[in-house]
file start15.tsv (TSV, C-alpha atoms)
chain	number	residue	atom	x	y	z
A	1	MET	CA	-81.05	-299.94	-71.17
A	2	LEU	CA	-83.90	-297.99	-72.76
A	3	GLN	CA	-83.06	-296.30	-76.08
A	4	VAL	CA	-85.06	-293.18	-75.28
A	5	LYS	CA	-86.27	-290.85	-78.02
A	6	THR	CA	-88.07	-287.53	-77.73
A	7	PRO	CA	-91.74	-287.28	-78.74
A	8	GLU	CA	-90.70	-285.24	-81.79
A	9	GLU	CA	-88.23	-287.92	-82.84
A	10	VAL	CA	-90.90	-290.59	-82.49
A	11	LEU	CA	-93.31	-288.73	-84.75
A	12	ARG	CA	-90.56	-288.22	-87.34
A	13	LEU	CA	-89.69	-291.91	-87.07
A	14	ILE	CA	-93.30	-292.83	-87.80
A	15	GLN	CA	-93.25	-290.68	-90.94
A	16	GLU	CA	-89.94	-292.13	-92.10
A	17	GLU	CA	-90.56	-295.82	-91.38
A	18	PHE	CA	-94.19	-296.22	-92.40
A	19	ALA	CA	-96.05	-295.26	-95.57
A	20	PRO	CA	-99.74	-295.15	-96.48
A	21	LEU	CA	-101.15	-298.57	-97.27
A	22	GLU	CA	-101.29	-298.88	-101.04
A	23	GLY	CA	-104.39	-300.02	-102.89
A	24	ARG	CA	-106.48	-299.90	-99.73
A	25	SER	CA	-109.54	-297.96	-100.83
A	26	GLU	CA	-113.16	-298.88	-101.41
A	27	GLU	CA	-116.41	-297.19	-102.37
A	28	VAL	CA	-119.20	-296.99	-99.82
A	29	SER	CA	-122.67	-295.53	-99.93
A	30	LEU	CA	-123.22	-291.98	-98.73
A	31	ARG	CA	-125.03	-293.19	-95.61
A	32	ASP	CA	-122.05	-295.39	-94.67
A	33	ALA	CA	-119.39	-292.72	-95.30
A	34	ILE	CA	-119.65	-290.79	-92.01
A	35	GLY	CA	-116.41	-290.92	-90.05
A	36	ARG	CA	-114.49	-292.55	-92.90
A	37	THR	CA	-111.28	-291.16	-94.38
A	38	LEU	CA	-111.76	-289.82	-97.90
A	39	GLY	CA	-109.68	-291.81	-100.37
A	40	ALA	CA	-109.57	-289.25	-103.21
A	41	ASP	CA	-110.29	-285.60	-103.95
A	42	ILE	CA	-113.97	-285.01	-104.71
A	43	SER	CA	-114.80	-282.49	-107.45
A	44	ALA	CA	-118.20	-281.23	-108.55
A	45	GLU	CA	-119.58	-282.11	-111.97
A	46	GLU	CA	-122.47	-279.66	-111.94
A	47	TYR	CA	-123.57	-276.27	-110.66
A	48	VAL	CA	-124.96	-275.95	-107.12
A	49	PRO	CA	-127.44	-274.42	-107.04
A	50	GLY	CA	-128.40	-275.15	-110.61
A	51	PHE	CA	-130.47	-271.95	-110.89
A	52	ASP	CA	-130.65	-268.45	-109.41
A	53	ARG	CA	-132.70	-268.72	-106.22
A	54	SER	CA	-134.15	-266.43	-103.59
A	55	THR	CA	-133.09	-266.49	-99.94
A	56	VAL	CA	-136.29	-264.76	-98.75
A	57	ASP	CA	-140.03	-264.63	-99.41
A	58	GLY	CA	-140.62	-261.60	-101.58
A	59	TYR	CA	-140.51	-260.23	-105.10
A	60	ALA	CA	-137.80	-260.71	-107.69
A	61	VAL	CA	-136.97	-257.36	-109.32
A	62	ARG	CA	-134.47	-255.54	-111.43
A	63	ALA	CA	-132.60	-253.53	-108.77
A	64	ARG	CA	-132.45	-250.37	-110.91
A	65	ASP	CA	-136.26	-250.26	-110.98
A	66	THR	CA	-136.24	-249.71	-107.19
A	67	PHE	CA	-133.53	-247.05	-106.90
A	68	GLY	CA	-134.73	-243.99	-104.98
A	69	CYS	CA	-137.95	-245.52	-103.68
A	70	SER	CA	-139.15	-245.09	-100.10
A	71	ASP	CA	-142.21	-245.49	-97.89
A	72	ALA	CA	-143.41	-242.11	-99.08
A	73	ILE	CA	-142.58	-242.69	-102.75
A	74	PRO	CA	-142.74	-246.42	-103.48
A	75	ALA	CA	-141.68	-247.91	-106.79
A	76	ILE	CA	-144.75	-249.25	-108.58
A	77	LEU	CA	-143.95	-252.48	-110.49
A	78	THR	CA	-146.18	-254.67	-112.60
A	79	LEU	CA	-146.68	-258.17	-111.16
A	80	GLN	CA	-145.69	-260.74	-113.79
A	81	GLY	CA	-146.87	-263.74	-111.81
A	82	GLU	CA	-145.52	-266.14	-109.20
A	83	VAL	CA	-142.89	-268.87	-109.16
A	84	LEU	CA	-143.95	-271.83	-107.04
A	85	MET	CA	-141.51	-273.88	-104.97
A	86	GLY	CA	-140.05	-276.75	-106.93
A	87	GLN	CA	-140.87	-275.16	-110.29
A	88	GLY	CA	-138.63	-273.35	-112.73
A	89	ALA	CA	-138.99	-269.72	-113.76
A	90	GLU	CA	-139.69	-270.25	-117.43
A	91	PHE	CA	-139.93	-266.58	-118.40
A	92	SER	CA	-137.84	-263.42	-118.44
A	93	LEU	CA	-138.61	-260.45	-116.21
A	94	PRO	CA	-139.08	-257.27	-118.27
A	95	PRO	CA	-138.11	-253.81	-116.96
A	96	GLY	CA	-140.61	-252.21	-114.60
A	97	SER	CA	-142.02	-255.52	-113.38
A	98	CYS	CA	-141.64	-258.02	-110.55
A	99	CYS	CA	-142.38	-261.64	-109.74
A	100	ALA	CA	-143.45	-263.27	-106.46
A	101	VAL	CA	-140.93	-265.88	-105.25
A	102	PRO	CA	-140.70	-268.02	-102.09
A	103	THR	CA	-137.56	-268.68	-100.06
A	104	GLY	CA	-135.46	-271.10	-102.09
A	105	GLY	CA	-137.56	-270.53	-105.20
A	106	ALA	CA	-136.20	-269.94	-108.69
A	107	VAL	CA	-135.75	-266.38	-109.89
A	108	PRO	CA	-136.61	-265.50	-113.50
A	109	GLN	CA	-134.02	-264.36	-115.99
A	110	GLY	CA	-133.54	-260.61	-115.90
A	111	ALA	CA	-134.05	-260.28	-112.14
A	112	ASP	CA	-130.93	-259.42	-110.16
A	113	SER	CA	-132.31	-259.00	-106.63
A	114	VAL	CA	-135.21	-259.88	-104.36
A	115	VAL	CA	-137.12	-257.48	-102.11
A	116	MET	CA	-138.45	-258.97	-98.87
A	117	VAL	CA	-142.24	-259.13	-98.72
A	118	GLU	CA	-142.14	-256.94	-95.57
A	119	TYR	CA	-141.07	-253.97	-97.72
A	120	THR	CA	-143.79	-254.39	-100.32
A	121	GLU	CA	-147.52	-253.83	-100.71
A	122	ASP	CA	-149.90	-255.58	-103.09
A	123	TYR	CA	-152.32	-252.97	-104.41
A	124	GLY	CA	-154.67	-255.63	-105.77
A	125	ASP	CA	-154.71	-254.16	-109.29
A	126	GLY	CA	-151.78	-256.15	-110.68
A	127	THR	CA	-149.14	-253.83	-109.29
A	128	ILE	CA	-146.80	-254.10	-106.30
A	129	GLY	CA	-145.44	-251.17	-104.31
A	130	ILE	CA	-141.76	-251.43	-103.33
A	131	ALA	CA	-140.90	-249.29	-100.29
A	132	LYS	CA	-137.19	-250.13	-99.97
A	133	ALA	CA	-134.55	-249.99	-102.69
A	134	ALA	CA	-132.71	-253.21	-103.54
A	135	ALA	CA	-129.05	-253.60	-104.43
A	136	PRO	CA	-127.95	-255.94	-107.23
A	137	GLY	CA	-127.47	-259.45	-105.82
A	138	GLN	CA	-129.47	-258.73	-102.67
A	139	ASN	CA	-131.26	-261.78	-101.19
A	140	LEU	CA	-130.08	-263.93	-104.08
A	141	ILE	CA	-127.90	-266.97	-104.54
A	142	PHE	CA	-126.77	-267.17	-108.14
A	143	ARG	CA	-126.33	-270.35	-110.14
A	144	GLY	CA	-122.99	-271.91	-109.15
A	145	ASP	CA	-122.43	-269.60	-106.16
A	146	ASP	CA	-121.90	-272.67	-103.99
A	147	VAL	CA	-120.31	-275.09	-106.43
A	148	CYS	CA	-119.33	-275.03	-110.09
A	149	PRO	CA	-118.09	-277.92	-112.26
A	150	GLY	CA	-114.46	-278.81	-111.58
A	151	LYS	CA	-114.35	-277.25	-108.12
A	152	VAL	CA	-112.71	-279.50	-105.50
A	153	ILE	CA	-115.22	-279.86	-102.70
A	154	LEU	CA	-113.34	-282.18	-100.33
A	155	ARG	CA	-109.69	-283.20	-100.22
A	156	LYS	CA	-108.27	-286.69	-99.88
A	157	GLY	CA	-107.46	-287.60	-96.28
A	158	ARG	CA	-110.37	-285.71	-94.73
A	159	VAL	CA	-112.44	-287.53	-92.12
A	160	LEU	CA	-115.98	-287.13	-93.38
A	161	SER	CA	-118.34	-285.24	-91.06
A	162	SER	CA	-122.09	-284.77	-91.23
A	163	GLN	CA	-121.66	-281.47	-93.07
A	164	ASP	CA	-119.39	-283.19	-95.59
A	165	ILE	CA	-122.11	-285.78	-96.18
A	166	GLY	CA	-124.47	-282.89	-96.90
A	167	ALA	CA	-122.03	-281.41	-99.44
A	168	LEU	CA	-121.66	-284.77	-101.17
A	169	ALA	CA	-125.43	-285.13	-101.33
A	170	ALA	CA	-125.69	-281.66	-102.86
A	171	ILE	CA	-123.49	-282.67	-105.80
A	172	GLY	CA	-125.20	-286.04	-106.19
A	173	ARG	CA	-122.23	-288.11	-105.02
A	174	VAL	CA	-123.93	-291.18	-103.54
A	175	GLN	CA	-120.90	-293.50	-103.75
A	176	VAL	CA	-117.80	-292.24	-101.95
A	177	PRO	CA	-114.19	-293.46	-102.22
A	178	VAL	CA	-112.78	-294.04	-98.73
A	179	ALA	CA	-109.69	-295.62	-97.23
A	180	VAL	CA	-110.24	-299.19	-96.10
A	181	ARG	CA	-110.37	-299.39	-92.33
A	182	VAL	CA	-106.99	-300.29	-90.87
A	183	THR	CA	-107.14	-303.49	-88.80
A	184	VAL	CA	-105.55	-303.35	-85.35
A	185	GLY	CA	-104.91	-306.36	-83.13
A	186	VAL	CA	-105.03	-305.68	-79.37
A	187	ILE	CA	-103.28	-308.01	-76.91
A	188	SER	CA	-103.17	-307.56	-73.14
A	189	THR	CA	-100.41	-309.30	-71.21
A	190	GLY	CA	-99.97	-310.11	-67.55
A	191	ASP	CA	-100.60	-312.90	-65.04
A	192	GLU	CA	-102.48	-310.44	-62.84
A	193	LEU	CA	-105.13	-309.52	-65.42
A	194	ILE	CA	-108.68	-310.85	-65.54
A	195	PRO	CA	-111.58	-309.89	-67.85
A	196	PRO	CA	-113.69	-306.91	-66.74
A	197	GLU	CA	-116.73	-309.11	-66.05
A	198	GLU	CA	-114.89	-311.18	-63.43
A	199	THR	CA	-114.32	-310.38	-59.75
A	200	PRO	CA	-110.63	-309.85	-58.88
A	201	GLY	CA	-109.02	-312.20	-56.40
A	202	PRO	CA	-105.88	-311.45	-54.34
A	203	GLY	CA	-103.29	-309.75	-56.55
A	204	GLN	CA	-105.60	-309.59	-59.55
A	205	VAL	CA	-106.88	-306.54	-61.46
A	206	ARG	CA	-109.40	-306.15	-64.24
A	207	ASP	CA	-108.05	-305.58	-67.75
A	208	VAL	CA	-108.71	-301.89	-68.37
A	209	ASN	CA	-106.54	-301.35	-71.43
A	210	SER	CA	-108.21	-303.74	-73.88
A	211	PRO	CA	-111.70	-302.16	-73.74
A	212	MET	CA	-110.23	-298.64	-73.51
A	213	LEU	CA	-107.97	-299.16	-76.52
A	214	GLU	CA	-110.74	-300.84	-78.50
A	215	ALA	CA	-112.99	-297.84	-77.83
A	216	MET	CA	-110.29	-295.34	-78.86
A	217	LEU	CA	-109.38	-297.23	-82.01
A	218	THR	CA	-112.98	-297.82	-83.04
A	219	ALA	CA	-113.80	-294.13	-82.55
A	220	PHE	CA	-110.82	-293.33	-84.76
A	221	GLY	CA	-112.26	-295.53	-87.49
A	222	ALA	CA	-110.12	-298.66	-87.14
A	223	ARG	CA	-111.35	-302.25	-87.13
A	224	VAL	CA	-110.23	-303.92	-83.91
A	225	ILE	CA	-109.50	-307.60	-83.38
A	226	PRO	CA	-109.16	-308.40	-79.65
A	227	TYR	CA	-106.83	-311.30	-78.80
A	228	GLY	CA	-107.69	-311.35	-75.12
A	229	ILE	CA	-105.40	-311.63	-72.12
A	230	ILE	CA	-102.17	-313.56	-72.55
A	231	ARG	CA	-100.35	-314.69	-69.42
A	232	ASP	CA	-96.63	-314.06	-68.91
A	233	ASP	CA	-95.59	-316.99	-71.05
A	234	GLU	CA	-93.12	-315.96	-73.76
A	235	PRO	CA	-93.79	-318.83	-76.23
A	236	LEU	CA	-97.55	-318.32	-75.90
A	237	LEU	CA	-97.20	-314.54	-76.34
A	238	ALA	CA	-94.93	-315.01	-79.36
A	239	GLU	CA	-97.47	-317.36	-80.92
A	240	THR	CA	-100.28	-314.85	-80.35
A	241	VAL	CA	-98.25	-311.94	-81.75
A	242	ASN	CA	-97.39	-313.97	-84.86
A	243	ARG	CA	-101.06	-314.76	-85.41
A	244	ALA	CA	-102.04	-311.13	-84.89
A	245	VAL	CA	-99.39	-309.94	-87.36
A	246	SER	CA	-100.72	-312.35	-89.98
A	247	GLU	CA	-104.29	-311.11	-89.50
A	248	CYS	CA	-103.83	-307.38	-88.84
A	249	ASP	CA	-102.19	-304.24	-90.20
A	250	VAL	CA	-101.00	-303.09	-86.75
A	251	VAL	CA	-100.49	-304.95	-83.48
A	252	LEU	CA	-100.69	-303.41	-80.00
A	253	LEU	CA	-99.38	-305.21	-76.92
A	254	SER	CA	-100.39	-303.73	-73.61
A	255	GLY	CA	-98.05	-304.42	-70.68
A	256	GLY	CA	-94.70	-306.18	-70.57
A	257	SER	CA	-92.77	-303.19	-71.89
A	258	SER	CA	-90.63	-302.29	-68.86
A	259	VAL	CA	-87.12	-303.67	-68.39
A	260	GLY	CA	-87.63	-306.82	-66.32
A	261	VAL	CA	-87.26	-310.57	-66.20
A	262	LYS	CA	-90.75	-311.37	-67.52
A	263	ASP	CA	-90.89	-308.57	-70.09
A	264	ALA	CA	-90.82	-310.50	-73.32
A	265	THR	CA	-92.39	-307.91	-75.65
A	266	CYS	CA	-89.09	-306.38	-76.69
A	267	ARG	CA	-87.49	-309.76	-77.35
A	268	ILE	CA	-90.45	-310.93	-79.41
A	269	ILE	CA	-90.48	-307.80	-81.57
A	270	GLU	CA	-86.73	-308.08	-82.17
A	271	SER	CA	-87.08	-311.73	-83.15
A	272	MET	CA	-89.78	-310.91	-85.70
A	273	GLY	CA	-88.27	-307.86	-87.38
A	274	THR	CA	-86.74	-304.52	-86.43
A	275	LEU	CA	-86.82	-302.77	-83.07
A	276	LEU	CA	-87.16	-299.05	-83.84
A	277	LEU	CA	-87.27	-297.68	-80.31
A	278	HIS	CA	-87.58	-298.69	-76.69
A	279	GLY	CA	-88.40	-295.70	-74.57
A	280	ILE	CA	-89.83	-292.20	-75.10
A	281	ALA	CA	-88.86	-289.13	-73.08
A	282	ILE	CA	-92.41	-288.66	-71.90
A	283	LYS	CA	-94.41	-288.95	-68.69
A	284	PRO	CA	-96.46	-291.08	-68.46
A	285	GLY	CA	-95.44	-293.75	-70.96
A	286	LYS	CA	-91.64	-293.85	-71.01
A	287	PRO	CA	-91.21	-297.66	-71.53
A	288	THR	CA	-92.94	-297.71	-74.93
A	289	ILE	CA	-91.71	-300.01	-77.70
A	290	LEU	CA	-92.05	-299.56	-81.45
A	291	GLY	CA	-90.96	-302.13	-83.99
A	292	LYS	CA	-91.90	-303.45	-87.39
A	293	THR	CA	-92.12	-306.81	-89.07
A	294	GLY	CA	-92.08	-306.33	-92.82
A	295	GLU	CA	-94.04	-303.09	-93.13
A	296	LYS	CA	-96.36	-303.79	-90.20
A	297	PRO	CA	-95.96	-301.82	-86.96
A	298	ILE	CA	-95.89	-303.56	-83.57
A	299	ILE	CA	-96.26	-301.30	-80.54
A	300	GLY	CA	-95.58	-302.31	-76.96
A	301	LEU	CA	-97.68	-300.08	-74.70
A	302	PRO	CA	-97.18	-299.56	-70.97
A	303	GLY	CA	-99.56	-301.53	-68.78
A	304	HIS	CA	-100.71	-298.54	-66.74
A	305	PRO	CA	-104.00	-297.31	-68.28
A	306	VAL	CA	-103.20	-293.58	-68.25
A	307	ALA	CA	-99.81	-294.20	-69.83
A	308	ALA	CA	-101.37	-296.51	-72.44
A	309	TYR	CA	-103.99	-293.85	-73.19
A	310	PHE	CA	-101.48	-291.09	-73.80
A	311	ILE	CA	-99.16	-293.22	-75.93
A	312	THR	CA	-102.11	-294.31	-78.05
A	313	LYS	CA	-103.42	-290.76	-78.34
A	314	LEU	CA	-100.07	-289.14	-79.09
A	315	PHE	CA	-98.36	-291.78	-81.25
A	316	VAL	CA	-100.55	-294.76	-82.17
A	317	LEU	CA	-103.36	-292.68	-83.67
A	318	PRO	CA	-100.90	-290.57	-85.73
A	319	LEU	CA	-99.38	-293.86	-86.92
A	320	LEU	CA	-102.80	-295.08	-88.03
A	321	GLY	CA	-103.34	-291.71	-89.68
A	322	ARG	CA	-100.09	-292.18	-91.58
A	323	LEU	CA	-101.13	-295.64	-92.77
A	324	THR	CA	-104.49	-294.35	-94.02
A	325	ASP	CA	-103.10	-291.05	-95.38
A	326	ARG	CA	-105.44	-289.22	-93.05
A	327	ASN	CA	-105.23	-285.54	-92.14
A	328	MET	CA	-104.75	-285.34	-88.38
A	329	THR	CA	-106.14	-282.42	-86.40
A	330	ALA	CA	-105.88	-281.76	-82.67
A	331	TYR	CA	-108.51	-279.50	-81.12
A	332	THR	CA	-107.17	-277.21	-78.41
A	333	VAL	CA	-108.54	-274.37	-76.33
A	334	PRO	CA	-106.65	-271.77	-74.26
A	335	ALA	CA	-107.17	-271.96	-70.51
A	336	VAL	CA	-105.74	-270.42	-67.35
A	337	LEU	CA	-103.96	-272.84	-65.04
A	338	SER	CA	-105.63	-272.90	-61.60
A	339	GLU	CA	-102.49	-273.91	-59.70
A	340	SER	CA	-98.80	-274.50	-60.25
A	341	VAL	CA	-97.72	-277.87	-61.65
A	342	GLY	CA	-94.24	-279.30	-61.30
A	343	ALA	CA	-92.56	-281.51	-63.90
A	344	ASN	CA	-89.59	-283.81	-64.37
A	345	HIS	CA	-86.93	-281.98	-66.34
A	346	GLY	CA	-85.95	-283.91	-69.46
A	347	ARG	CA	-89.33	-285.54	-70.15
A	348	ALA	CA	-92.42	-284.06	-71.77
A	349	GLN	CA	-95.13	-284.39	-69.13
A	350	TYR	CA	-98.81	-284.77	-70.01
A	351	GLN	CA	-101.32	-283.75	-67.39
A	352	CYS	CA	-105.08	-284.38	-67.37
A	353	CYS	CA	-107.34	-281.55	-66.31
A	354	ARG	CA	-110.92	-280.46	-65.84
A	355	LEU	CA	-112.21	-277.31	-67.51
A	356	GLU	CA	-114.55	-274.75	-65.97
A	357	ARG	CA	-115.62	-271.39	-67.33
A	358	ARG	CA	-114.96	-268.58	-64.86
A	359	ASP	CA	-115.55	-264.89	-65.62
A	360	GLY	CA	-115.80	-265.57	-69.32
A	361	ALA	CA	-112.56	-267.57	-69.54
A	362	LEU	CA	-111.72	-271.26	-69.23
A	363	THR	CA	-109.81	-272.39	-66.15
A	364	ALA	CA	-107.87	-275.67	-66.20
A	365	TYR	CA	-107.83	-277.68	-62.96
A	366	PRO	CA	-105.08	-280.35	-62.96
A	367	ILE	CA	-106.25	-283.81	-61.89
A	368	ARG	CA	-103.69	-285.07	-59.41
A	369	SER	CA	-103.25	-288.82	-59.59
A	370	LYS	CA	-100.87	-291.64	-60.44
A	371	SER	CA	-100.44	-293.23	-63.86
A	372	GLY	CA	-102.14	-296.48	-62.88
A	373	LEU	CA	-105.46	-294.89	-61.90
A	374	ILE	CA	-108.01	-294.88	-64.71
A	375	THR	CA	-110.26	-292.35	-62.95
A	376	THR	CA	-107.65	-289.76	-63.85
A	377	LEU	CA	-108.93	-290.09	-67.40
A	378	ALA	CA	-112.59	-290.65	-66.59
A	379	GLY	CA	-112.92	-287.23	-64.96
A	380	ALA	CA	-110.85	-285.32	-67.51
A	381	ASP	CA	-112.08	-282.82	-70.10
A	382	GLY	CA	-108.67	-282.58	-71.71
A	383	TYR	CA	-104.93	-282.55	-71.15
A	384	PHE	CA	-101.97	-280.25	-71.54
A	385	CYS	CA	-98.24	-280.72	-72.02
A	386	ILE	CA	-95.34	-279.39	-69.98
A	387	GLU	CA	-92.39	-279.37	-72.38
A	388	ARG	CA	-89.37	-281.50	-71.50
A	389	ASP	CA	-87.07	-278.49	-71.02
A	390	CYS	CA	-89.46	-276.96	-68.48
A	391	GLU	CA	-89.51	-277.71	-64.75
A	392	GLY	CA	-93.16	-276.76	-64.33
A	393	LEU	CA	-95.83	-274.15	-64.94
A	394	PRO	CA	-96.94	-271.43	-62.51
A	395	GLN	CA	-100.46	-270.69	-61.38
A	396	GLY	CA	-102.14	-268.36	-63.86
A	397	ALA	CA	-100.15	-269.56	-66.86
A	398	VAL	CA	-102.14	-269.63	-70.11
A	399	ILE	CA	-101.93	-273.15	-71.53
A	400	GLN	CA	-103.32	-274.96	-74.56
A	401	VAL	CA	-105.63	-277.78	-73.51
A	402	THR	CA	-106.30	-280.58	-75.97
A	403	ILE	CA	-109.92	-281.69	-75.76
A	404	CYS	CA	-110.20	-285.43	-75.20
A	405	SER	CA	-113.98	-285.90	-75.39
A	406	GLY	CA	-115.08	-288.29	-78.13
A	407	ASP	CA	-112.08	-290.64	-77.73
call {"tool": "encode", "arguments": {"input": "start15.tsv", "output": "structure tokens"}}
result
Amino acid sequence: MLQVKTPEEVLRLIQEEFAPLEGRSEEVSLRDAIGRTLGADISAEEYVPGFDRSTVDGYAVRARDTFGCSDAIPAILTLQGEVLMGQGAEFSLPPGSCCAVPTGGAVPQGADSVVMVEYTEDYGDGTIGIAKAAAPGQNLIFRGDDVCPGKVILRKGRVLSSQDIGALAAIGRVQVPVAVRVTVGVISTGDELIPPEETPGPGQVRDVNSPMLEAMLTAFGARVIPYGIIRDDEPLLAETVNRAVSECDVVLLSGGSSVGVKDATCRIIESMGTLLLHGIAIKPGKPTILGKTGEKPIIGLPGHPVAAYFITKLFVLPLLGRLTDRNMTAYTVPAVLSESVGANHGRAQYQCCRLERRDGALTAYPIRSKSGLITTLAGADGYFCIERDCEGLPQGAVIQVTICSGD
């Protein structure tokens, strides 16, 4: 009899039973930090920028010297020289004067704004005409506007993106503390399975789950150890699981999770430690198993690829996030449902869909298929959930679609 838990109960169970892996951080170079989980808060130790700088090509001025000027009555300022790109402004700007500066160039002390070159005229006699008044701070970035010493730039648990790498480079952080990649062992079970490169014979199917799971886990940032296909032989499977547990932080078994004569996954997990659940009130993926040996999670996934995908997406990845103390974010977009979709009352139902933009709004087209058909996922842009206390959604309902590209 399956000990079914709701999806919410499963996520709470993950938080209660598993803790972040202690002492599992390392420092990597900036170029190797992309996609890694930040292992500590990063604070600046200097000002960025380190000097007042212009955002336009033009003339640095004291704003009050330009007040009231116009095309007809320009302000006439004395040119004090030019600051070249990559050089400092080693002088102070006196009242009634200006200085030529390029975009990104340093602005001399005393200047509090920059007038774009389009609103100026060089009279050729050492004076510059200013035809448009400037406001204090206009076209300027002041020292420390971006970053000042002590400011936290990035928080622990963030997955580092390309823009984060840019911010780290800006503050001179070339070695970055990151969480060590969690190691996940992947085992496929079933007498009917053959490797993807082989041609199926009668009653045989290619192993879809191993490469799919490896791709999902690798994209998440985990290190994957594949243990291949294990036939329905309980002693052999137990031996493989024991080896995987000794070598990995997490073990995934695909297949062998339903209640049946050959389904040894549950028995093996119970023999090694604690069985935390067997069954989730979800469609697809009800016969999911979660256990632990010591502090290491063992998850029995359904054999059907779509079910295995959703269980991994909804529960395994959050579990890995918990182990690495990673901030988890789901990206959703609102869309209008193109047709009504029925659901089984009592189970949260996840439905793949395609997205198309129509009349300025996104429309979600449900992909009708069965849980064993991998093309359901291959053609999907995202998925949405029909809550377990709901018997379906009508055509035209506005739903939240979770984007699944990049898995």
call {"tool": "residues_near_point", "arguments": {"input": "start15.tsv", "point": "(-130.5, -265.7, -102.9)", "cutoff": "7 Å", "atoms": "all atoms listed in the file", "output": "PDB file with C-alpha atoms, keeping the file's coordinate frame"}}
result
ATOM      1  CA  ARG A  53    -132.700-268.720-106.220  1.00  0.00           C
ATOM      2  CA  SER A  54    -134.150-266.430-103.590  1.00  0.00           C
ATOM      3  CA  THR A  55    -133.090-266.490 -99.940  1.00  0.00           C
ATOM      4  CA  ASN A 139    -131.260-261.780-101.190  1.00  0.00           C
ATOM      5  CA  LEU A 140    -130.080-263.930-104.080  1.00  0.00           C
ATOM      6  CA  ILE A 141    -127.900-266.970-104.540  1.00  0.00           C
ATOM      7  CA  PHE A 142    -126.770-267.170-108.140  1.00  0.00           C
TER       8      PHE A 142
END
call {"tool": "residues_around", "arguments": {"input": "start15.tsv", "residues": "Cys266 in chain A", "least_positions_apart": "2", "cutoff": "8 Å", "atoms": "all atoms listed in the file", "output": "list in words"}}
result
Ser257, Asp263, Ala264, Ile268, Ile269, Glu270, Leu275, His278, Ile289 and Gly300 of chain A
call {"tool": "closest_atom_pairs", "arguments": {"input": "start15.tsv", "of": "range 158-246 of chain A", "to": "range 310-320 of chain A", "cutoff": "10 Å", "atoms": "all atoms listed in the file", "output": "JSON lines"}}
result
{"residue": "A:Arg181", "atom": "CA", "partner": "A:Leu320", "partner_atom": "CA", "distance": 9.7}
{"residue": "A:Val182", "atom": "CA", "partner": "A:Leu320", "partner_atom": "CA", "distance": 7.3}
{"residue": "A:Thr183", "atom": "CA", "partner": "A:Leu320", "partner_atom": "CA", "distance": 9.5}
{"residue": "A:Val184", "atom": "CA", "partner": "A:Leu320", "partner_atom": "CA", "distance": 9.1}
{"residue": "A:Leu213", "atom": "CA", "partner": "A:Thr312", "partner_atom": "CA", "distance": 7.8}
{"residue": "A:Met216", "atom": "CA", "partner": "A:Lys313", "partner_atom": "CA", "distance": 8.3}
{"residue": "A:Leu217", "atom": "CA", "partner": "A:Leu317", "partner_atom": "CA", "distance": 7.7}
{"residue": "A:Phe220", "atom": "CA", "partner": "A:Leu317", "partner_atom": "CA", "distance": 7.6}
{"residue": "A:Gly221", "atom": "CA", "partner": "A:Leu320", "partner_atom": "CA", "distance": 9.5}
{"residue": "A:Ala222", "atom": "CA", "partner": "A:Leu320", "partner_atom": "CA", "distance": 8.2}
call {"tool": "residues_around", "arguments": {"input": "start15.tsv", "residues": "range 85-90 of chain A", "least_positions_apart": "5", "cutoff": "12 Å", "atoms": "only C-alpha atoms", "output": "PDB file with C-alpha atoms, in the frame of the given file"}}
result
ATOM      1  CA  GLY A  50    -128.400-275.150-110.610  1.00  0.00           C
ATOM      2  CA  PHE A  51    -130.470-271.950-110.890  1.00  0.00           C
ATOM      3  CA  ASP A  52    -130.650-268.450-109.410  1.00  0.00           C
ATOM      4  CA  ARG A  53    -132.700-268.720-106.220  1.00  0.00           C
ATOM      5  CA  SER A  54    -134.150-266.430-103.590  1.00  0.00           C
ATOM      6  CA  ASP A  57    -140.030-264.630 -99.410  1.00  0.00           C
ATOM      7  CA  ALA A  60    -137.800-260.710-107.690  1.00  0.00           C
ATOM      8  CA  GLN A  80    -145.690-260.740-113.790  1.00  0.00           C
ATOM      9  CA  CYS A  99    -142.380-261.640-109.740  1.00  0.00           C
ATOM     10  CA  ALA A 100    -143.450-263.270-106.460  1.00  0.00           C
ATOM     11  CA  VAL A 101    -140.930-265.880-105.250  1.00  0.00           C
ATOM     12  CA  PRO A 102    -140.700-268.020-102.090  1.00  0.00           C
ATOM     13  CA  THR A 103    -137.560-268.680-100.060  1.00  0.00           C
ATOM     14  CA  GLY A 104    -135.460-271.100-102.090  1.00  0.00           C
ATOM     15  CA  GLY A 105    -137.560-270.530-105.200  1.00  0.00           C
ATOM     16  CA  ALA A 106    -136.200-269.940-108.690  1.00  0.00           C
ATOM     17  CA  VAL A 107    -135.750-266.380-109.890  1.00  0.00           C
ATOM     18  CA  PRO A 108    -136.610-265.500-113.500  1.00  0.00           C
ATOM     19  CA  GLN A 109    -134.020-264.360-115.990  1.00  0.00           C
ATOM     20  CA  GLY A 110    -133.540-260.610-115.900  1.00  0.00           C
ATOM     21  CA  ALA A 111    -134.050-260.280-112.140  1.00  0.00           C
TER      22      ALA A 111
END
call {"tool": "atom_distance", "arguments": {"input": "start15.tsv", "atom1": "CA of Leu252 in chain A", "atom2": "CA of Ile298 in chain A"}}
result
6.0 Å
call {"tool": "residues_near_point", "arguments": {"input": "start15.tsv", "point": "(-99.9, -285.7, -68.1)", "cutoff": "7 Å", "atoms": "all atoms listed in the file", "output": "list in words"}}
result
Lys283, Pro284, Gln349, Tyr350, Gln351, Cys352, Tyr383, Phe384 and Cys385 of chain A
